[in-house]
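Pasting protein-v3.cif here (mmCIF, C-alpha atoms):
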```cif
data_coords
loop_
_atom_site.label_atom_id
_atom_site.label_comp_id
_atom_site.auth_asym_id
_atom_site.auth_seq_id
_atom_site.Cartn_x
_atom_site.Cartn_y
_atom_site.Cartn_z
CA MET A 127 78.00 72.87 134.44
CA ASN A 128 76.37 73.71 131.13
CA VAL A 129 76.90 76.75 128.95
CA HIS A 130 73.82 78.49 130.31
CA ASP A 131 75.05 78.12 133.90
CA GLU A 132 78.50 79.36 132.91
CA MET A 133 77.04 82.46 131.33
CA SER A 134 74.81 83.07 134.31
CA GLU A 135 77.78 82.86 136.61
CA ASN A 136 79.65 85.33 134.47
CA GLU A 137 76.67 87.66 134.45
CA VAL A 138 76.46 87.55 138.23
CA LEU A 139 80.16 88.23 138.56
CA ARG A 140 79.91 91.11 136.10
CA ALA A 141 77.06 92.63 138.10
CA ALA A 142 79.04 92.23 141.32
CA SER A 143 82.10 93.73 139.66
CA LYS A 144 80.12 96.69 138.38
CA SER A 145 78.69 97.47 141.80
CA LEU A 146 81.93 96.95 143.70
CA SER A 147 83.86 98.98 141.15
CA ALA A 148 81.58 101.93 141.83
CA LEU A 149 82.72 102.08 145.44
CA PRO A 150 84.97 105.11 145.81
CA MET A 151 88.54 104.22 146.69
CA ALA A 152 91.32 106.34 148.10
CA SER A 153 93.97 107.51 145.70
CA PRO A 154 97.23 105.61 146.00
CA PRO A 155 99.63 107.06 148.54
CA ASP A 156 102.96 108.48 147.47
CA VAL A 157 105.02 105.62 146.12
CA ASP A 158 108.12 107.19 147.66
CA ALA A 159 106.58 106.80 151.13
CA ILE A 160 105.78 103.17 150.37
CA MET A 161 109.29 102.52 149.15
CA ALA A 162 110.80 104.28 152.15
CA SER A 163 108.79 102.05 154.45
CA GLY A 164 109.85 98.99 152.48
CA ARG A 165 113.47 100.11 152.55
CA ALA A 166 113.35 100.53 156.33
CA ARG A 167 111.87 97.07 156.62
CA ARG A 168 114.63 95.62 154.47
CA ILE A 169 117.34 97.33 156.54
CA ARG A 170 115.83 96.10 159.78
CA ARG A 171 115.64 92.60 158.39
CA ARG A 172 119.24 92.62 157.20
CA SER A 173 120.57 94.12 160.41
CA GLY A 174 118.72 91.57 162.45
CA VAL A 175 117.02 94.23 164.50
CA ALA A 176 113.90 92.72 165.94
CA GLY A 177 112.51 96.11 166.87
CA LEU A 178 109.31 97.00 165.11
CA SER A 179 106.80 94.28 164.76
CA VAL A 180 104.71 93.92 161.64
CA ALA A 181 101.82 95.50 163.42
CA ALA A 182 103.83 98.43 164.66
CA ALA A 183 105.22 99.05 161.20
CA GLY A 184 101.74 98.99 159.78
CA THR A 185 100.54 101.47 162.33
CA ALA A 186 103.46 103.78 161.67
CA LEU A 187 102.75 103.63 157.96
CA ALA A 188 99.13 104.36 158.53
CA LEU A 189 100.04 107.41 160.54
CA GLY A 190 102.30 108.55 157.74
CA LEU A 191 99.52 108.17 155.21
CA THR A 192 97.22 110.22 157.36
CA GLY A 193 99.65 113.06 156.87
CA VAL A 194 99.68 112.49 153.13
CA PHE A 195 95.95 112.69 152.79
CA GLY A 196 95.56 115.65 155.13
CA SER A 197 93.84 115.18 158.45
CA ALA A 198 93.14 118.41 160.32
CA PRO A 199 91.85 118.26 162.99
CA GLY A 200 93.11 114.69 162.88
CA THR A 201 91.62 111.42 163.93
CA ILE A 202 89.86 110.67 167.17
CA ARG A 203 89.73 107.03 168.17
CA THR A 204 87.70 105.77 171.08
CA MET A 205 86.45 102.37 172.12
CA SER A 206 83.11 102.91 170.47
CA PHE A 207 83.80 105.14 167.49
CA THR A 208 86.40 106.75 165.28
CA ILE A 209 86.16 110.11 163.55
CA ALA A 210 88.58 111.09 160.82
CA SER A 211 88.69 114.22 158.76
CA ASN A 212 88.93 113.91 154.99
CA ALA A 213 90.78 116.15 152.61
CA ASN A 214 87.53 117.39 151.05
CA GLY A 215 86.29 118.82 154.35
CA THR A 216 84.04 115.94 155.26
CA ALA A 217 84.47 113.77 158.33
CA THR A 218 84.03 110.03 158.50
CA LEU A 219 82.47 108.48 161.56
CA THR A 220 82.89 104.75 162.06
CA ILE A 221 80.96 103.01 164.78
CA ASN A 222 82.10 99.90 166.57
CA PRO A 223 78.99 97.72 166.63
CA LYS A 224 80.13 95.85 169.73
CA VAL A 225 80.71 98.74 172.11
CA LEU A 226 77.91 100.97 173.31
CA LEU A 227 78.40 104.48 172.00
CA ASP A 228 79.47 107.12 174.50
CA ALA A 229 76.86 109.71 173.59
CA ALA A 230 78.43 112.69 175.34
CA ALA A 231 81.86 111.97 173.89
CA LEU A 232 80.50 111.53 170.39
CA GLN A 233 78.53 114.77 170.55
CA SER A 234 81.55 116.69 171.83
CA ASP A 235 83.94 115.16 169.33
CA LEU A 236 81.63 115.74 166.37
CA ARG A 237 81.63 119.44 167.23
CA GLN A 238 85.41 119.48 166.90
CA TYR A 239 84.85 118.63 163.25
CA GLY A 240 82.30 121.38 162.84
CA ILE A 241 79.36 119.00 162.99
CA PRO A 242 76.56 120.21 165.24
CA ALA A 243 74.84 117.20 166.74
CA VAL A 244 72.62 116.09 169.56
CA VAL A 245 73.57 112.56 170.58
CA THR A 246 71.38 110.68 173.00
CA SER A 247 71.55 107.21 174.47
CA GLY A 248 68.29 105.44 175.16
CA SER A 249 66.29 108.13 173.42
CA PHE A 250 65.94 109.75 170.03
CA CYS A 251 65.33 113.40 169.28
CA SER A 252 63.36 114.38 166.22
CA SER A 253 61.55 117.38 164.86
CA GLY A 254 58.71 116.39 162.62
CA PHE A 255 59.94 115.70 159.15
CA GLY A 256 63.12 117.60 159.92
CA PRO A 257 65.01 119.94 157.62
CA ALA A 258 65.60 118.78 154.06
CA GLY A 259 69.04 117.85 152.81
CA PHE A 260 69.90 114.74 154.80
CA SER A 261 71.36 112.96 151.77
CA GLN A 262 73.63 115.95 151.08
CA VAL A 263 74.91 115.97 154.66
CA VAL A 264 75.27 112.26 155.38
CA ARG A 265 76.25 109.25 153.38
CA VAL A 266 75.97 105.88 155.05
CA TYR A 267 78.28 103.05 154.14
CA PRO A 268 77.15 100.39 153.48
CA VAL A 269 74.09 102.02 152.00
CA PRO A 270 71.03 101.37 154.14
CA GLY A 271 67.81 100.20 152.65
CA PRO A 272 64.93 102.59 152.24
CA ARG A 273 63.87 102.16 155.86
CA ARG A 274 66.05 99.68 157.69
CA HIS A 275 69.30 97.97 157.02
CA ILE A 276 70.68 95.07 159.04
CA LEU A 277 74.42 95.07 158.83
CA PRO A 278 76.04 91.72 158.29
CA PRO A 279 78.46 90.53 160.96
CA GLY A 280 81.82 92.25 160.91
CA VAL A 281 80.74 95.17 158.76
CA HIS A 282 81.04 98.56 160.34
CA ALA A 283 78.64 101.40 159.80
CA THR A 284 80.36 104.42 158.44
CA PHE A 285 78.85 107.86 158.12
CA THR A 286 80.57 110.39 155.91
CA ILE A 287 79.32 113.76 157.08
CA ASN A 288 79.70 117.02 155.21
CA PRO A 289 79.32 119.91 157.67
CA ALA A 290 79.38 122.45 154.82
CA ALA A 291 76.13 120.99 153.51
CA MET A 292 74.36 121.31 156.86
CA PRO A 293 71.25 123.49 156.44
CA ALA A 294 71.18 126.65 158.52
CA GLY A 295 69.67 126.06 161.94
CA ALA A 296 69.95 122.30 161.64
CA GLU A 297 71.92 119.68 163.48
CA LEU A 298 72.24 115.94 163.35
CA SER A 299 70.36 113.84 165.85
CA PHE A 300 71.88 110.49 166.78
CA GLY A 301 69.73 108.21 168.91
CA ILE A 302 71.36 105.10 170.30
CA PHE A 303 69.42 102.17 171.65
CA ARG A 304 70.89 99.04 173.15
CA PHE A 305 68.58 96.08 173.57
CA SER A 306 68.80 93.16 175.95
CA SER A 307 69.64 90.93 173.02
CA GLY A 308 72.86 92.90 172.63
CA GLU A 309 71.75 94.60 169.44
CA GLN A 310 72.61 98.25 169.13
CA GLN A 311 70.62 100.52 166.89
CA THR A 312 71.55 103.99 165.84
CA TYR A 313 68.93 106.31 164.39
CA LEU A 314 70.01 109.39 162.56
CA MET A 315 68.22 112.39 161.12
CA LEU A 316 68.47 116.13 160.69
CA VAL A 317 66.57 118.19 163.26
CA ASN A 318 65.94 121.87 163.85
CA LYS A 319 68.36 123.06 166.52
CA ASN A 320 65.77 124.90 168.54
CA SER A 321 62.78 122.72 167.92
CA TYR A 322 62.89 119.03 168.62
CA THR A 323 61.43 116.53 171.03
CA CYS A 324 63.07 113.43 172.45
CA SER A 325 61.43 110.08 173.06
CA SER A 326 62.72 107.04 174.91
CA THR A 327 60.93 104.79 172.44
CA ALA A 328 62.88 103.66 169.41
CA PRO A 329 61.00 104.90 166.36
CA SER A 330 59.49 102.22 164.21
CA GLN A 331 60.01 104.40 161.19
CA LEU A 332 61.80 107.64 160.55
CA PRO A 333 59.96 110.46 158.89
CA GLY A 334 61.25 111.70 155.57
CA SER A 335 64.89 112.57 155.86
CA GLY A 336 66.13 110.05 158.40
CA GLY A 337 68.37 107.07 158.03
CA GLU A 338 68.43 104.06 160.24
CA VAL A 339 71.04 101.46 160.87
CA GLU A 340 70.61 98.40 163.01
CA PHE A 341 73.65 96.64 164.39
CA ARG A 342 73.51 92.93 164.86
CA PRO A 343 76.16 91.44 167.11
CA ARG A 344 78.32 88.63 165.89
CA MET B 135 115.54 106.30 139.93
CA SER B 136 116.86 102.80 139.24
CA SER B 137 115.17 100.45 136.81
CA GLN B 138 113.83 98.39 139.71
CA GLN B 139 112.38 101.48 141.33
CA THR B 140 110.75 102.47 138.06
CA GLU B 141 109.40 98.97 137.64
CA PHE B 142 108.01 98.87 141.17
CA ALA B 143 106.48 102.34 140.83
CA ALA B 144 104.68 101.25 137.65
CA PHE B 145 103.48 98.07 139.34
CA PHE B 146 102.30 100.04 142.35
CA GLN B 147 100.37 102.60 140.31
CA ALA B 148 98.69 99.94 138.21
CA SER B 149 97.95 97.56 141.06
CA TRP B 150 96.95 99.77 143.97
CA GLU B 151 93.27 100.02 143.10
CA PRO B 152 92.52 96.39 142.18
CA CYS B 153 94.41 95.18 145.24
CA LEU B 154 92.63 97.69 147.46
CA ARG B 155 89.21 96.78 146.10
CA THR B 156 89.93 93.11 146.67
CA VAL B 157 90.95 93.66 150.27
CA VAL B 158 88.02 96.01 150.94
CA VAL B 159 85.62 93.28 149.85
CA VAL B 160 87.26 90.81 152.21
CA VAL B 161 87.75 92.97 155.31
CA GLY B 162 84.70 95.23 154.89
CA SER B 163 86.53 98.41 155.95
CA ALA B 164 88.06 100.84 153.48
CA GLN B 165 90.45 102.47 155.95
CA LEU B 166 91.68 99.18 157.35
CA ALA B 167 92.11 97.88 153.82
CA GLU B 168 94.11 100.97 152.84
CA ASP B 169 96.46 100.46 155.78
CA GLN B 170 96.88 96.77 155.04
CA VAL B 171 97.44 97.23 151.33
CA ALA B 172 99.93 100.04 151.91
CA GLU B 173 101.79 97.80 154.32
CA ALA B 174 101.72 94.96 151.80
CA PHE B 175 103.16 97.15 149.05
CA ALA B 176 105.93 98.25 151.42
CA ARG B 177 106.70 94.59 152.02
CA ALA B 178 106.56 93.96 148.30
CA TRP B 179 109.23 96.62 147.76
CA ALA B 180 111.31 95.16 150.58
CA SER B 181 111.22 91.82 148.76
CA TRP B 182 110.91 93.11 145.22
CA PRO B 183 113.50 90.77 143.65
CA LYS B 184 111.32 87.88 144.80
CA VAL B 185 107.90 89.46 144.25
CA ARG B 186 108.66 90.63 140.70
CA ARG B 187 109.22 87.00 139.72
CA HIS B 188 106.06 85.81 141.42
CA PRO B 189 103.54 84.34 138.95
CA ALA B 190 100.81 86.62 140.32
CA PRO B 191 102.41 89.60 142.12
CA ARG B 192 99.08 91.32 142.74
CA ALA B 193 97.81 88.18 144.43
CA TRP B 194 100.98 88.19 146.52
CA VAL B 195 100.17 91.73 147.66
CA VAL B 196 96.57 90.84 148.49
CA ARG B 197 97.60 87.73 150.41
CA THR B 198 100.24 89.73 152.29
CA ALA B 199 97.74 92.50 153.03
CA LEU B 200 95.28 90.05 154.49
CA ASN B 201 97.99 88.35 156.53
CA ALA B 202 99.30 91.74 157.68
CA GLY B 203 95.78 92.57 158.71
CA ALA B 204 95.66 89.52 160.89
CA SER B 205 98.92 90.51 162.57
CA TRP B 206 97.86 94.14 162.90
CA TRP B 207 94.59 92.94 164.29
CA ARG B 208 96.15 90.71 166.91
CA GLN B 209 98.45 93.51 167.99
CA ARG B 210 95.54 95.92 168.31
CA ARG B 211 93.66 93.40 170.42
CA ARG B 212 96.59 93.21 172.80
CA GLU B 213 96.81 96.97 173.02
CA LEU B 214 93.10 97.61 173.42
CA PRO B 215 91.46 94.39 174.53
CA LEU B 216 87.98 95.89 174.57
CA ALA B 217 88.23 97.81 171.34
CA ASP B 218 88.53 95.28 168.61
CA HIS B 219 87.06 97.38 165.84
CA ASP B 220 88.09 100.99 166.36
CA LEU B 221 88.72 101.42 162.70
CA THR B 222 88.35 104.34 160.37
CA VAL B 223 86.68 104.03 157.02
CA SER B 224 86.98 106.85 154.57
CA GLY B 225 84.91 107.71 151.56
CA GLY B 226 81.23 107.57 150.86
CA LEU B 227 79.15 106.09 148.13
CA ASP B 228 78.21 107.61 144.85
CA GLY B 229 74.98 106.96 143.03
CA GLY B 230 74.36 104.10 140.66
CA LEU B 231 75.28 101.39 143.10
CA ASP B 232 73.22 98.31 143.78
CA ALA B 233 72.98 98.58 147.56
CA GLY B 234 71.18 95.27 147.86
CA LEU B 235 73.85 93.48 145.92
CA LEU B 236 76.61 95.09 147.97
CA THR B 237 74.88 94.01 151.14
CA ALA B 238 74.52 90.50 149.75
CA ILE B 239 78.23 90.42 148.96
CA TRP B 240 79.16 91.44 152.49
CA ARG B 241 76.82 88.84 153.89
CA LEU B 242 78.77 86.10 152.17
CA PRO B 243 81.23 84.10 154.26
CA ARG B 244 84.74 85.54 154.11
CA ARG B 245 86.14 82.72 151.98
CA GLN B 246 83.44 83.22 149.34
CA ARG B 247 84.17 86.96 149.31
CA GLU B 248 87.88 86.24 148.90
CA VAL B 249 87.31 83.94 145.96
CA ILE B 250 84.90 86.31 144.24
CA ALA B 251 87.11 89.36 144.80
CA LEU B 252 90.20 87.58 143.51
CA ARG B 253 88.26 86.51 140.42
CA ILE B 254 86.70 89.91 139.77
CA PHE B 255 89.54 92.31 140.47
CA LEU B 256 92.65 90.23 139.87
CA ASP B 257 91.15 88.06 137.13
CA LEU B 258 92.70 84.92 138.59
CA ASP B 259 91.71 81.43 137.53
CA ASN B 260 90.67 78.79 140.03
CA ALA B 261 94.08 77.14 140.16
CA THR B 262 95.86 80.40 140.96
CA ILE B 263 93.25 81.37 143.52
CA ALA B 264 93.66 77.95 145.11
CA ARG B 265 97.43 78.37 145.37
CA GLN B 266 97.05 81.82 146.88
CA LEU B 267 94.52 80.69 149.46
CA GLY B 268 96.21 77.37 150.15
CA ILE B 269 93.15 75.34 149.29
CA GLU B 270 92.17 72.89 146.55
CA ALA B 271 90.92 74.14 143.19
CA GLY B 272 87.76 72.16 143.76
CA THR B 273 87.18 74.02 146.97
CA VAL B 274 87.60 77.30 145.09
CA ARG B 275 84.95 76.17 142.60
CA MET B 276 82.64 75.29 145.46
CA HIS B 277 83.07 78.67 147.18
CA LEU B 278 82.64 80.49 143.89
CA SER B 279 79.52 78.53 143.03
CA ARG B 280 77.96 79.10 146.44
CA GLY B 281 78.80 82.77 146.39
CA VAL B 282 77.42 83.26 142.91
CA THR B 283 74.27 81.38 143.82
CA ALA B 284 73.71 83.67 146.79
CA LEU B 285 74.29 86.78 144.68
CA ARG B 286 72.11 85.48 141.88
CA HIS B 287 69.30 85.27 144.41
CA GLU B 288 69.75 88.98 145.08
CA LEU B 289 69.81 89.79 141.37
CA THR B 290 66.64 87.91 140.48
CA PRO B 291 63.67 89.48 142.26
CA ALA B 292 61.29 86.83 140.96
CA LYS B 293 63.16 84.17 142.85
CA ASN B 294 63.16 86.34 145.94
CA MET B 295 59.40 86.61 145.76
CA GLU B 296 59.06 82.87 145.52
CA ALA B 297 61.31 82.44 148.52
CA GLY B 298 59.35 84.88 150.63
CA ASN B 299 61.90 87.68 150.26
CA GLU B 300 64.47 85.79 152.27
CA ARG B 301 68.00 86.64 151.38
CA PRO B 302 70.82 84.16 151.53
CA ARG B 303 73.25 84.42 154.43
#
```

Spit out the file's structure as structure tokens when you get a sec.
Amino acid sequence: MNVHDEMSENEVLRAASKSLSALPMASPPDVDAIMASGRARRIRRRSGVAGLSVAAAGTALALGLTGVFGSAPGTIRTMSFTIASNANGTATLTINPKVLLDAAALQSDLRQYGIPAVVTSGSFCSSGFGPAGFSQVVRVYPVPGPRRHILPPGVHATFTINPAAMPAGAELSFGIFRFSSGEQQTYLMLVNKNSYTCSSTAPSQLPGSGGEVEFRPR
Amino acid sequence: MSSQQTEFAAFFQASWEPCLRTVVVVVGSAQLAEDQVAEAFARAWASWPKVRRHPAPRAWVVRTALNAGASWWRQRRRELPLADHDLTVSGGLDGGLDAGLLTAIWRLPRRQREVIALRIFLDLDNATIARQLGIEAGTVRMHLSRGVTALRHELTPAKNMEAGNERPR
């Protein structure tokens, strides 16, 4: 490897570092909680108690951290999605790409977090260009491309939704399509509550404020 | 607070973010990574006399977090055999990110992501990465080279044009 290649590699790594470092990370949990968990582990180990498995301990710790970060109204976990409230009033929706979304359950559960939504399976509801402000209401992680983003295997689509930023008279429209190939696509945009139409055809392109995420099965 | 507690607390505060970023890159889920890293730090405190003497304690935490994730994962699969990814990810994205590059990173094979993340966030050399991953240093170089080549493709639009806009997988 010559000097030029070495520098190029470093440049690439610097660019990757810069982008990855810009990803927001959770603040560290209370070190006392971490040490308490570690202490309990040490005691169990010394006493020879085979009680909690590694996995169970991890789950218990995770539950404890949920309390630390604040979680009202808590976390809802289903086969196809998880919704968790964040301390700043937003809610984070994570979709399991391998399980078809339960539209009715998602719509009902989103409302528990103060997020008005119309969720449809096999159709998509839209209202023209829709109300403005999509980017203030929803952030998609990983960031989709300008029109379509194909998620790599094993990466989960996450939507951080801010209900406080929802324009008056608007709600979120989720349209879920499952194709014979196994691919699941979710289309998302803001619509006017009292003025939208639904189509059973997956849109080839979303007008203006929409986002689109395509799930590719592993 | 004892001197060991003070020492661990300082290590934890300084190491939480780089360890978390490393694990996020590997597992692709912020919430899962948080759980795994928190669990790993708890284990680190449980074994602090050993971990504090480790040549790369942050790498120990990352390795433990990833191993804990595997255990956590297997347990979850037993509990919910149909729901193998009911995970929560918190946080959104701020501006100024290179979305294409991030996508390219997550498209890399897991081993390449591990090597790159350990290099970027823990500043480990190839030999240390190799010891942590249980592979040869030459294999680390190979994964790093392949990963960088794939990312370079994303960073150089001219090459993309020549290749018909195909992105490496």

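A straight line drawn from CA of Asn260 in chain B to CA of Val138 in chain A is 16.8 Å long.
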
Legend entry - Atomic distance CA of Gln233 in chain A - CA of Ala328 in chain A, expressed in Å with one decimal: 19.2 Å

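Each of A:Asn214, A:Thr284, A:Asn318, A:Ser249 was compared to chain B using all atoms listed in the file, and A:Thr284 turns out to be the nearest.
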
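Proximity to Ile221 in chain A was assessed for A:Thr204, A:Gln262, A:Ser252, A:Gln238 counting only C-alpha atoms; the smallest distance is recorded for A:Thr204.
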
Inset, instruction - Check the smallest atom-to-atom distance from each of B:Arg280, B:Asp257, B:Arg247, B:Thr262 to Val157 in chain B using all atoms listed in the file, then report the winner. - result: B:Arg247

Legend entry - Nearby residues (only C-alpha atoms) at most 9 Å from Ala261 in chain B, same-chain spacing under 2 positions excluded, as a PyMOL selection string: chain B and resi 258-259+263-266+270-272+274

Go ahead and dump the residues you just picked, C-alpha atoms, as a PDB file, in the coordinates of the input.
```
ATOM      1  CA  LEU B 258      92.700  84.920 138.590  1.00  0.00           C
ATOM      2  CA  ASP B 259      91.710  81.430 137.530  1.00  0.00           C
ATOM      3  CA  ILE B 263      93.250  81.370 143.520  1.00  0.00           C
ATOM      4  CA  ALA B 264      93.660  77.950 145.110  1.00  0.00           C
ATOM      5  CA  ARG B 265      97.430  78.370 145.370  1.00  0.00           C
ATOM      6  CA  GLN B 266      97.050  81.820 146.880  1.00  0.00           C
ATOM      7  CA  GLU B 270      92.170  72.890 146.550  1.00  0.00           C
ATOM      8  CA  ALA B 271      90.920  74.140 143.190  1.00  0.00           C
ATOM      9  CA  GLY B 272      87.760  72.160 143.760  1.00  0.00           C
ATOM     10  CA  VAL B 274      87.600  77.300 145.090  1.00  0.00           C
TER      11      VAL B 274
END
```

Legend entry - Gap from CA of Ile241 in chain A to CA of Thr327 in chain A - Å, one decimal: 25.1 Å

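Residue nearest Ala251 in chain B, chosen from B:Arg286, B:Ala167, B:Ala174, B:Ile239 and counting all atoms listed in the file: B:Ile239.
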
Inset, instruction - Tell me, as JSON, numbers by chain, which residues lie within 10 Å of range 191-205 of chain B, counting all atoms listed in the file; anything in the same chain fewer than 6 positions away does not count. - result: {"A": [179, 180, 181, 182, 184], "B": [145, 146, 148, 149, 150, 152, 153, 154, 155, 156, 157, 160, 161, 166, 167, 168, 169, 170, 171, 172, 173, 174, 175, 176, 177, 178, 182, 184, 185, 211, 248, 252, 255, 256, 257, 258, 262, 263, 265, 266, 267]}

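Here the question is which of B:Thr283, B:Thr273, B:Gln165, B:Ser181 gets nearest to Ala238 in chain B using all atoms listed in the file, and that residue is B:Thr283.
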
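Comparing the minimum interatomic distances between chain B and each of A:Ser234, A:Ser253, A:Thr246, A:Asn288, counting all atoms listed in the file, we find that A:Asn288 sits nearest.
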
Inset, instruction - Quick one: everything within 9 Å of Lys144 in chain A, counting all atoms listed in the file, minus sequence neighbours fewer than 4 positions away in the same chain. Send it as a list in words. - result: Leu139, Arg140 and Ala148 of chain A; Leu231 and Asp232 of chain B

Inset, instruction - Neighbourhood query: residues within 8 Å of (69.4, 115.2, 156.5), file coordinates, counting all atoms listed in the file; return as a ChimeraX atom specification. - result: /A:256-264,292,298,315-317,335-336
